[in-house]
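These notes concern the structure reproduced below.
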Amino acid sequence: MAENCSHDCSSCGADCSSRKKESLLKKPHELSDIKKVIAVVSGKGGVGKSMTCALLAAASQDKGKVTAVMDADITGPSIPRMFGICDRAMGSENGILPTVSDGGIQVMSMNVLLENEAEPVVWRGSLISGTVLQFWTDVIWTGVDIMFIDMPPGTGDVPLTVFQSIPLDGVIIVTTPQDLVGMIVQKAVNMAQMMNVPILGIVENMSYIKCPDCGRKISVFGESGVDALALEYGIPAVAKLPIDPDLTKAADSGKLEEVENNYLSDFLDKVLKKI
């Protein structure tokens, strides 16, 4: 502390121990009620992050939790299609209301704001990040037990905005079996650690395919390395999601909530014990 300190940090540019670091966390809409928030992240695209997020949400709703999904992948939104949501988001004098799936999952996505879901979002990073933040501050989320945030891939503007501005209870990392992905997972792990957000679990998507004749598991993309990754980074919960044509068909037809075999149900139980 400087000798002539006036104790008024607002008029002082000195960097001293007395200066309190200002939190960047934003409050949700005053009418929102959100208990837990989990971000679903990946270090690269094409690993099935949105499918994983949707399955987690469906499993959560099946367990009796009031569930919501914030689709933060502004330029590549896919969550509404998976849940068969065709309605546009509505507003009231109090704020924006999320759309709701047939199973009761609250969803906010760029695609429920566009007149045509195929319309491209050609925006710069700051505008995209601002939109994601508005999904948190301007949308009225009602009685939500668990919110999942479907993050865009990588460690750019939007992930940084979410990590800094939304009070996350943890993240789930999605990966695939290829050796190259180990490096990508490390990036996601390091970002979570830098932002002091706990890593709740890791999902290895496309881990195997089951032979329809003999039932043998075939490692199409190589042997699984997810257990070793989880051990290396101290990640508590692990799941291996197979290549399942029924899942793809359900997602494409908007009926993901109706799948009989949700591979992530037991995994979610383990994750929820950590928050």
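Naming works like this for the structure tokens: A, B, ... for the chains as they're shown, residue 1 at the start of each chain, ligands 1 onward in shown order.
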
Taking only C-alpha atoms into account, produce a table as a tab-separated table in which each residue of stretch 180-244 of chain A with an atom at most 9 Å from an atom of stretch 47-60 of chain A appears once, together with its shortest atom pair and the distance in Å to one decimal, ordered by chain and rising number.
residue	atom	partner	partner_atom	distance
A:Val203	CA	A:Thr52	CA	7.8
A:Glu204	CA	A:Val47	CA	8.6
A:Asn205	CA	A:Gly48	CA	6.4
A:Met206	CA	A:Val47	CA	8.0
A:Leu241	CA	A:Thr52	CA	8.5

For the residues in that selection, give me all heavy atoms as a PDB file, in the first residue's frame.
ATOM      1  N   VAL A 203     -16.133 -37.654 -21.676  1.00  0.00           N
ATOM      2  CA  VAL A 203     -16.888 -38.587 -22.515  1.00  0.00           C
ATOM      3  C   VAL A 203     -16.086 -38.856 -23.779  1.00  0.00           C
ATOM      4  O   VAL A 203     -15.715 -37.918 -24.489  1.00  0.00           O
ATOM      5  CB  VAL A 203     -18.265 -38.015 -22.891  1.00  0.00           C
ATOM      6  CG1 VAL A 203     -18.986 -38.951 -23.868  1.00  0.00           C
ATOM      7  CG2 VAL A 203     -19.119 -37.795 -21.649  1.00  0.00           C
ATOM      8  N   GLU A 204     -15.818 -40.119 -24.042  1.00  0.00           N
ATOM      9  CA  GLU A 204     -15.166 -40.502 -25.293  1.00  0.00           C
ATOM     10  C   GLU A 204     -16.260 -40.906 -26.279  1.00  0.00           C
ATOM     11  O   GLU A 204     -16.874 -41.965 -26.131  1.00  0.00           O
ATOM     12  CB  GLU A 204     -14.191 -41.656 -25.064  1.00  0.00           C
ATOM     13  CG  GLU A 204     -13.416 -42.032 -26.329  1.00  0.00           C
ATOM     14  CD  GLU A 204     -12.432 -43.153 -26.082  1.00  0.00           C
ATOM     15  OE1 GLU A 204     -12.876 -44.307 -25.935  1.00  0.00           O
ATOM     16  OE2 GLU A 204     -11.218 -42.872 -26.025  1.00  0.00           O
ATOM     17  N   ASN A 205     -16.519 -40.047 -27.250  1.00  0.00           N
ATOM     18  CA  ASN A 205     -17.532 -40.328 -28.261  1.00  0.00           C
ATOM     19  C   ASN A 205     -16.930 -41.180 -29.382  1.00  0.00           C
ATOM     20  O   ASN A 205     -15.717 -41.183 -29.580  1.00  0.00           O
ATOM     21  CB  ASN A 205     -18.078 -39.020 -28.834  1.00  0.00           C
ATOM     22  CG  ASN A 205     -19.317 -39.233 -29.669  1.00  0.00           C
ATOM     23  OD1 ASN A 205     -20.088 -40.159 -29.429  1.00  0.00           O
ATOM     24  ND2 ASN A 205     -19.517 -38.396 -30.652  1.00  0.00           N
ATOM     25  N   MET A 206     -17.795 -41.913 -30.096  1.00  0.00           N
ATOM     26  CA  MET A 206     -17.350 -42.793 -31.181  1.00  0.00           C
ATOM     27  C   MET A 206     -16.287 -43.780 -30.689  1.00  0.00           C
ATOM     28  O   MET A 206     -15.334 -44.107 -31.375  1.00  0.00           O
ATOM     29  CB  MET A 206     -16.833 -41.973 -32.372  1.00  0.00           C
ATOM     30  CG  MET A 206     -17.894 -41.089 -33.004  1.00  0.00           C
ATOM     31  SD  MET A 206     -17.304 -40.085 -34.381  1.00  0.00           S
ATOM     32  CE  MET A 206     -16.620 -38.671 -33.493  1.00  0.00           C
ATOM     33  N   LEU A 241     -19.045 -43.511 -25.341  1.00  0.00           N
ATOM     34  CA  LEU A 241     -20.259 -43.439 -26.146  1.00  0.00           C
ATOM     35  C   LEU A 241     -20.008 -44.119 -27.488  1.00  0.00           C
ATOM     36  O   LEU A 241     -19.088 -43.750 -28.211  1.00  0.00           O
ATOM     37  CB  LEU A 241     -20.641 -41.971 -26.355  1.00  0.00           C
ATOM     38  CG  LEU A 241     -22.028 -41.643 -26.879  1.00  0.00           C
ATOM     39  CD1 LEU A 241     -23.106 -42.148 -25.938  1.00  0.00           C
ATOM     40  CD2 LEU A 241     -22.168 -40.128 -27.054  1.00  0.00           C
TER      41      LEU A 241
END

For stretch 85-87 of chain A, find every residue with an atom within 8 Å (counting only C-alpha atoms), except residues of its own chain fewer than 5 positions away, and show them as a list of chain:residue names. A:Pro80, A:Thr99, A:Val100, A:Ser101, A:Val112, A:Gly254

Suppose we keep all heavy atoms; can you now write the selection as an mmCIF file, in the first residue's frame?
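Heads up, here's the output in result-v6.cif:
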data_model
loop_
_atom_site.group_PDB
_atom_site.id
_atom_site.type_symbol
_atom_site.label_atom_id
_atom_site.label_comp_id
_atom_site.auth_asym_id
_atom_site.auth_seq_id
_atom_site.Cartn_x
_atom_site.Cartn_y
_atom_site.Cartn_z
ATOM 1 N N PRO A 80 -31.751 -27.366 -31.022
ATOM 2 C CA PRO A 80 -33.201 -27.396 -31.287
ATOM 3 C C PRO A 80 -33.619 -28.531 -32.213
ATOM 4 O O PRO A 80 -34.643 -29.183 -31.976
ATOM 5 C CB PRO A 80 -33.461 -26.024 -31.929
ATOM 6 C CG PRO A 80 -32.385 -25.149 -31.399
ATOM 7 C CD PRO A 80 -31.181 -26.034 -31.311
ATOM 8 N N THR A 99 -37.604 -21.649 -25.578
ATOM 9 C CA THR A 99 -38.501 -22.655 -26.138
ATOM 10 C C THR A 99 -38.435 -23.901 -25.249
ATOM 11 O O THR A 99 -37.510 -24.051 -24.450
ATOM 12 C CB THR A 99 -38.099 -23.025 -27.566
ATOM 13 O OG1 THR A 99 -36.712 -23.418 -27.577
ATOM 14 C CG2 THR A 99 -38.279 -21.841 -28.511
ATOM 15 N N VAL A 100 -39.427 -24.780 -25.387
ATOM 16 C CA VAL A 100 -39.495 -25.963 -24.535
ATOM 17 C C VAL A 100 -39.738 -27.195 -25.404
ATOM 18 O O VAL A 100 -40.620 -27.192 -26.269
ATOM 19 C CB VAL A 100 -40.616 -25.831 -23.478
ATOM 20 C CG1 VAL A 100 -40.646 -27.064 -22.586
ATOM 21 C CG2 VAL A 100 -40.416 -24.578 -22.633
ATOM 22 N N SER A 101 -38.954 -28.248 -25.173
ATOM 23 C CA SER A 101 -39.116 -29.494 -25.924
ATOM 24 C C SER A 101 -40.361 -30.232 -25.447
ATOM 25 O O SER A 101 -40.951 -29.904 -24.409
ATOM 26 C CB SER A 101 -37.885 -30.384 -25.742
ATOM 27 O OG SER A 101 -37.852 -30.912 -24.425
ATOM 28 N N VAL A 112 -33.583 -20.655 -32.708
ATOM 29 C CA VAL A 112 -34.973 -20.346 -32.346
ATOM 30 C C VAL A 112 -35.237 -18.847 -32.424
ATOM 31 O O VAL A 112 -36.341 -18.388 -32.123
ATOM 32 C CB VAL A 112 -35.335 -20.885 -30.946
ATOM 33 C CG1 VAL A 112 -35.140 -22.389 -30.887
ATOM 34 C CG2 VAL A 112 -34.562 -20.183 -29.851
ATOM 35 N N GLY A 254 -35.358 -35.356 -34.556
ATOM 36 C CA GLY A 254 -35.831 -34.535 -33.443
ATOM 37 C C GLY A 254 -36.432 -35.322 -32.305
ATOM 38 O O GLY A 254 -37.246 -34.803 -31.545
#

Hey, what's within 9 Å of stretch 41-43 of chain A if we count only C-alpha atoms and toss same-chain stuff fewer than 5 positions away? As a VMD selection string, please? chain A and resid 48 to 49 149 to 155 159 171 to 175 181 183 to 189

Next, write the just-selected residues to a file, as a PDB file, in the first residue's frame, keeping N, CA, C and O atoms as the atom set.
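Listed below is the output, part16.pdb:
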ATOM      1  N   GLY A  48     -18.652 -34.670 -31.494  1.00  0.00           N
ATOM      2  CA  GLY A  48     -19.964 -35.048 -30.977  1.00  0.00           C
ATOM      3  C   GLY A  48     -20.342 -34.365 -29.684  1.00  0.00           C
ATOM      4  O   GLY A  48     -21.088 -34.906 -28.870  1.00  0.00           O
ATOM      5  N   LYS A  49     -19.842 -33.163 -29.503  1.00  0.00           N
ATOM      6  CA  LYS A  49     -20.107 -32.411 -28.278  1.00  0.00           C
ATOM      7  C   LYS A  49     -21.594 -32.107 -28.106  1.00  0.00           C
ATOM      8  O   LYS A  49     -22.152 -32.264 -27.004  1.00  0.00           O
ATOM      9  N   ILE A 149     -24.589 -26.115 -20.893  1.00  0.00           N
ATOM     10  CA  ILE A 149     -24.211 -25.148 -21.923  1.00  0.00           C
ATOM     11  C   ILE A 149     -23.436 -25.879 -23.000  1.00  0.00           C
ATOM     12  O   ILE A 149     -22.356 -26.440 -22.747  1.00  0.00           O
ATOM     13  N   ASP A 150     -23.994 -25.904 -24.209  1.00  0.00           N
ATOM     14  CA  ASP A 150     -23.311 -26.517 -25.349  1.00  0.00           C
ATOM     15  C   ASP A 150     -22.349 -25.487 -25.927  1.00  0.00           C
ATOM     16  O   ASP A 150     -22.757 -24.538 -26.595  1.00  0.00           O
ATOM     17  N   MET A 151     -21.073 -25.673 -25.658  1.00  0.00           N
ATOM     18  CA  MET A 151     -20.063 -24.692 -26.033  1.00  0.00           C
ATOM     19  C   MET A 151     -19.575 -24.914 -27.458  1.00  0.00           C
ATOM     20  O   MET A 151     -19.564 -26.051 -27.943  1.00  0.00           O
ATOM     21  N   PRO A 152     -19.148 -23.852 -28.135  1.00  0.00           N
ATOM     22  CA  PRO A 152     -18.469 -24.046 -29.418  1.00  0.00           C
ATOM     23  C   PRO A 152     -17.102 -24.667 -29.158  1.00  0.00           C
ATOM     24  O   PRO A 152     -16.564 -24.564 -28.050  1.00  0.00           O
ATOM     25  N   PRO A 153     -16.508 -25.329 -30.154  1.00  0.00           N
ATOM     26  CA  PRO A 153     -15.208 -25.969 -29.929  1.00  0.00           C
ATOM     27  C   PRO A 153     -14.089 -24.955 -29.742  1.00  0.00           C
ATOM     28  O   PRO A 153     -14.192 -23.797 -30.160  1.00  0.00           O
ATOM     29  N   GLY A 154     -13.021 -25.402 -29.110  1.00  0.00           N
ATOM     30  CA  GLY A 154     -11.841 -24.556 -28.972  1.00  0.00           C
ATOM     31  C   GLY A 154     -11.819 -23.758 -27.684  1.00  0.00           C
ATOM     32  O   GLY A 154     -12.592 -23.978 -26.753  1.00  0.00           O
ATOM     33  N   THR A 155     -10.905 -22.790 -27.658  1.00  0.00           N
ATOM     34  CA  THR A 155     -10.683 -21.975 -26.451  1.00  0.00           C
ATOM     35  C   THR A 155     -10.721 -20.483 -26.792  1.00  0.00           C
ATOM     36  O   THR A 155      -9.942 -19.697 -26.255  1.00  0.00           O
ATOM     37  N   PRO A 159     -15.949 -19.488 -25.377  1.00  0.00           N
ATOM     38  CA  PRO A 159     -15.590 -20.217 -24.155  1.00  0.00           C
ATOM     39  C   PRO A 159     -15.031 -19.309 -23.062  1.00  0.00           C
ATOM     40  O   PRO A 159     -15.358 -19.470 -21.890  1.00  0.00           O
ATOM     41  N   VAL A 171     -17.216 -28.551 -15.725  1.00  0.00           N
ATOM     42  CA  VAL A 171     -17.251 -28.809 -17.167  1.00  0.00           C
ATOM     43  C   VAL A 171     -17.140 -30.306 -17.416  1.00  0.00           C
ATOM     44  O   VAL A 171     -16.579 -31.061 -16.612  1.00  0.00           O
ATOM     45  N   ILE A 172     -17.706 -30.721 -18.546  1.00  0.00           N
ATOM     46  CA  ILE A 172     -17.548 -32.075 -19.044  1.00  0.00           C
ATOM     47  C   ILE A 172     -16.840 -31.976 -20.388  1.00  0.00           C
ATOM     48  O   ILE A 172     -17.259 -31.206 -21.259  1.00  0.00           O
ATOM     49  N   ILE A 173     -15.770 -32.726 -20.552  1.00  0.00           N
ATOM     50  CA  ILE A 173     -14.967 -32.673 -21.775  1.00  0.00           C
ATOM     51  C   ILE A 173     -15.355 -33.832 -22.684  1.00  0.00           C
ATOM     52  O   ILE A 173     -15.518 -34.970 -22.228  1.00  0.00           O
ATOM     53  N   VAL A 174     -15.517 -33.548 -23.975  1.00  0.00           N
ATOM     54  CA  VAL A 174     -15.857 -34.568 -24.962  1.00  0.00           C
ATOM     55  C   VAL A 174     -14.661 -34.780 -25.873  1.00  0.00           C
ATOM     56  O   VAL A 174     -14.034 -33.820 -26.345  1.00  0.00           O
ATOM     57  N   THR A 175     -14.355 -36.047 -26.131  1.00  0.00           N
ATOM     58  CA  THR A 175     -13.196 -36.382 -26.946  1.00  0.00           C
ATOM     59  C   THR A 175     -13.519 -37.598 -27.819  1.00  0.00           C
ATOM     60  O   THR A 175     -14.628 -38.125 -27.775  1.00  0.00           O
ATOM     61  N   VAL A 181      -6.092 -36.491 -30.243  1.00  0.00           N
ATOM     62  CA  VAL A 181      -7.049 -35.821 -29.379  1.00  0.00           C
ATOM     63  C   VAL A 181      -6.502 -35.631 -27.975  1.00  0.00           C
ATOM     64  O   VAL A 181      -6.930 -34.756 -27.240  1.00  0.00           O
ATOM     65  N   MET A 183      -3.752 -34.331 -27.096  1.00  0.00           N
ATOM     66  CA  MET A 183      -3.242 -32.966 -27.035  1.00  0.00           C
ATOM     67  C   MET A 183      -4.393 -31.966 -26.951  1.00  0.00           C
ATOM     68  O   MET A 183      -4.324 -30.979 -26.202  1.00  0.00           O
ATOM     69  N   ILE A 184      -5.473 -32.230 -27.695  1.00  0.00           N
ATOM     70  CA  ILE A 184      -6.622 -31.326 -27.689  1.00  0.00           C
ATOM     71  C   ILE A 184      -7.293 -31.328 -26.327  1.00  0.00           C
ATOM     72  O   ILE A 184      -7.712 -30.284 -25.815  1.00  0.00           O
ATOM     73  N   VAL A 185      -7.402 -32.506 -25.719  1.00  0.00           N
ATOM     74  CA  VAL A 185      -7.984 -32.604 -24.384  1.00  0.00           C
ATOM     75  C   VAL A 185      -7.150 -31.803 -23.390  1.00  0.00           C
ATOM     76  O   VAL A 185      -7.689 -31.119 -22.517  1.00  0.00           O
ATOM     77  N   GLN A 186      -5.841 -31.879 -23.535  1.00  0.00           N
ATOM     78  CA  GLN A 186      -4.962 -31.146 -22.638  1.00  0.00           C
ATOM     79  C   GLN A 186      -5.238 -29.651 -22.689  1.00  0.00           C
ATOM     80  O   GLN A 186      -5.211 -28.962 -21.669  1.00  0.00           O
ATOM     81  N   LYS A 187      -5.526 -29.128 -23.875  1.00  0.00           N
ATOM     82  CA  LYS A 187      -5.860 -27.710 -24.004  1.00  0.00           C
ATOM     83  C   LYS A 187      -7.131 -27.381 -23.224  1.00  0.00           C
ATOM     84  O   LYS A 187      -7.204 -26.364 -22.515  1.00  0.00           O
ATOM     85  N   ALA A 188      -8.161 -28.228 -23.356  1.00  0.00           N
ATOM     86  CA  ALA A 188      -9.412 -27.995 -22.641  1.00  0.00           C
ATOM     87  C   ALA A 188      -9.203 -28.100 -21.133  1.00  0.00           C
ATOM     88  O   ALA A 188      -9.750 -27.301 -20.359  1.00  0.00           O
ATOM     89  N   VAL A 189      -8.409 -29.083 -20.715  1.00  0.00           N
ATOM     90  CA  VAL A 189      -8.105 -29.240 -19.292  1.00  0.00           C
ATOM     91  C   VAL A 189      -7.380 -28.020 -18.756  1.00  0.00           C
ATOM     92  O   VAL A 189      -7.723 -27.479 -17.693  1.00  0.00           O
TER      93      VAL A 189
END

Ranking A:Met194, A:Ala72, A:Leu31, A:Ile140 by minimum distance to A:Ile96 and counting only C-alpha atoms, which one comes first?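 Closest candidate: A:Ile140.
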
Nearest to A:Asp138 by atom-to-atom distance, counting only C-alpha atoms, from A:Thr161, A:Asn111, A:Ser92, A:Asn196: A:Ser92

Which residues, written as a PyMOL selection string, have at least one atom at most 7 Å from A:Ile38, with only C-alpha atoms counted and residues fewer than 5 positions away on the same chain left out? chain A and resi 147-149+168-171

With N, CA, C and O atoms kept, could you save the residues just selected as an mmCIF file, in the first residue's frame?
data_model
loop_
_atom_site.group_PDB
_atom_site.id
_atom_site.type_symbol
_atom_site.label_atom_id
_atom_site.label_comp_id
_atom_site.auth_asym_id
_atom_site.auth_seq_id
_atom_site.Cartn_x
_atom_site.Cartn_y
_atom_site.Cartn_z
ATOM 1 N N MET A 147 -28.593 -26.701 -15.740
ATOM 2 C CA MET A 147 -28.442 -26.127 -17.081
ATOM 3 C C MET A 147 -27.151 -26.662 -17.691
ATOM 4 O O MET A 147 -26.092 -26.627 -17.061
ATOM 5 N N PHE A 148 -27.271 -27.172 -18.914
ATOM 6 C CA PHE A 148 -26.097 -27.572 -19.680
ATOM 7 C C PHE A 148 -25.829 -26.516 -20.743
ATOM 8 O O PHE A 148 -26.761 -26.053 -21.410
ATOM 9 N N ILE A 149 -24.589 -26.115 -20.893
ATOM 10 C CA ILE A 149 -24.211 -25.148 -21.923
ATOM 11 C C ILE A 149 -23.436 -25.879 -23.000
ATOM 12 O O ILE A 149 -22.356 -26.440 -22.747
ATOM 13 N N LEU A 168 -20.009 -21.315 -13.357
ATOM 14 C CA LEU A 168 -20.060 -22.728 -13.706
ATOM 15 C C LEU A 168 -19.768 -23.606 -12.484
ATOM 16 O O LEU A 168 -18.861 -23.324 -11.701
ATOM 17 N N ASP A 169 -20.527 -24.685 -12.368
ATOM 18 C CA ASP A 169 -20.261 -25.668 -11.325
ATOM 19 C C ASP A 169 -19.263 -26.710 -11.802
ATOM 20 O O ASP A 169 -18.742 -27.491 -10.990
ATOM 21 N N GLY A 170 -19.002 -26.733 -13.104
ATOM 22 C CA GLY A 170 -18.022 -27.656 -13.638
ATOM 23 C C GLY A 170 -18.153 -27.803 -15.138
ATOM 24 O O GLY A 170 -19.072 -27.256 -15.753
ATOM 25 N N VAL A 171 -17.216 -28.551 -15.725
ATOM 26 C CA VAL A 171 -17.251 -28.809 -17.167
ATOM 27 C C VAL A 171 -17.140 -30.306 -17.416
ATOM 28 O O VAL A 171 -16.579 -31.061 -16.612
#

Test item: residues at most 12 Å from A:Lys240, only C-alpha atoms, excluding those fewer than 6 positions along its chain, as an MDAnalysis selection string: chainID A and resid 52 174:177 201:209 217 219 223:227 262:267

Which neighbours of A:Gln61 fall inside 10 Å, counting only C-alpha atoms, when residues of the same chain fewer than 4 positions from it are skipped, and could you give them as a list of chain:residue names?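 The residues that qualify are A:Leu55, A:Leu56, A:Ala57, A:Lys65, A:Val66, A:Thr67, A:Ala68, A:Gly103, A:Gly104, A:Ile105, A:Asp145, A:Ile146, A:Glu257.
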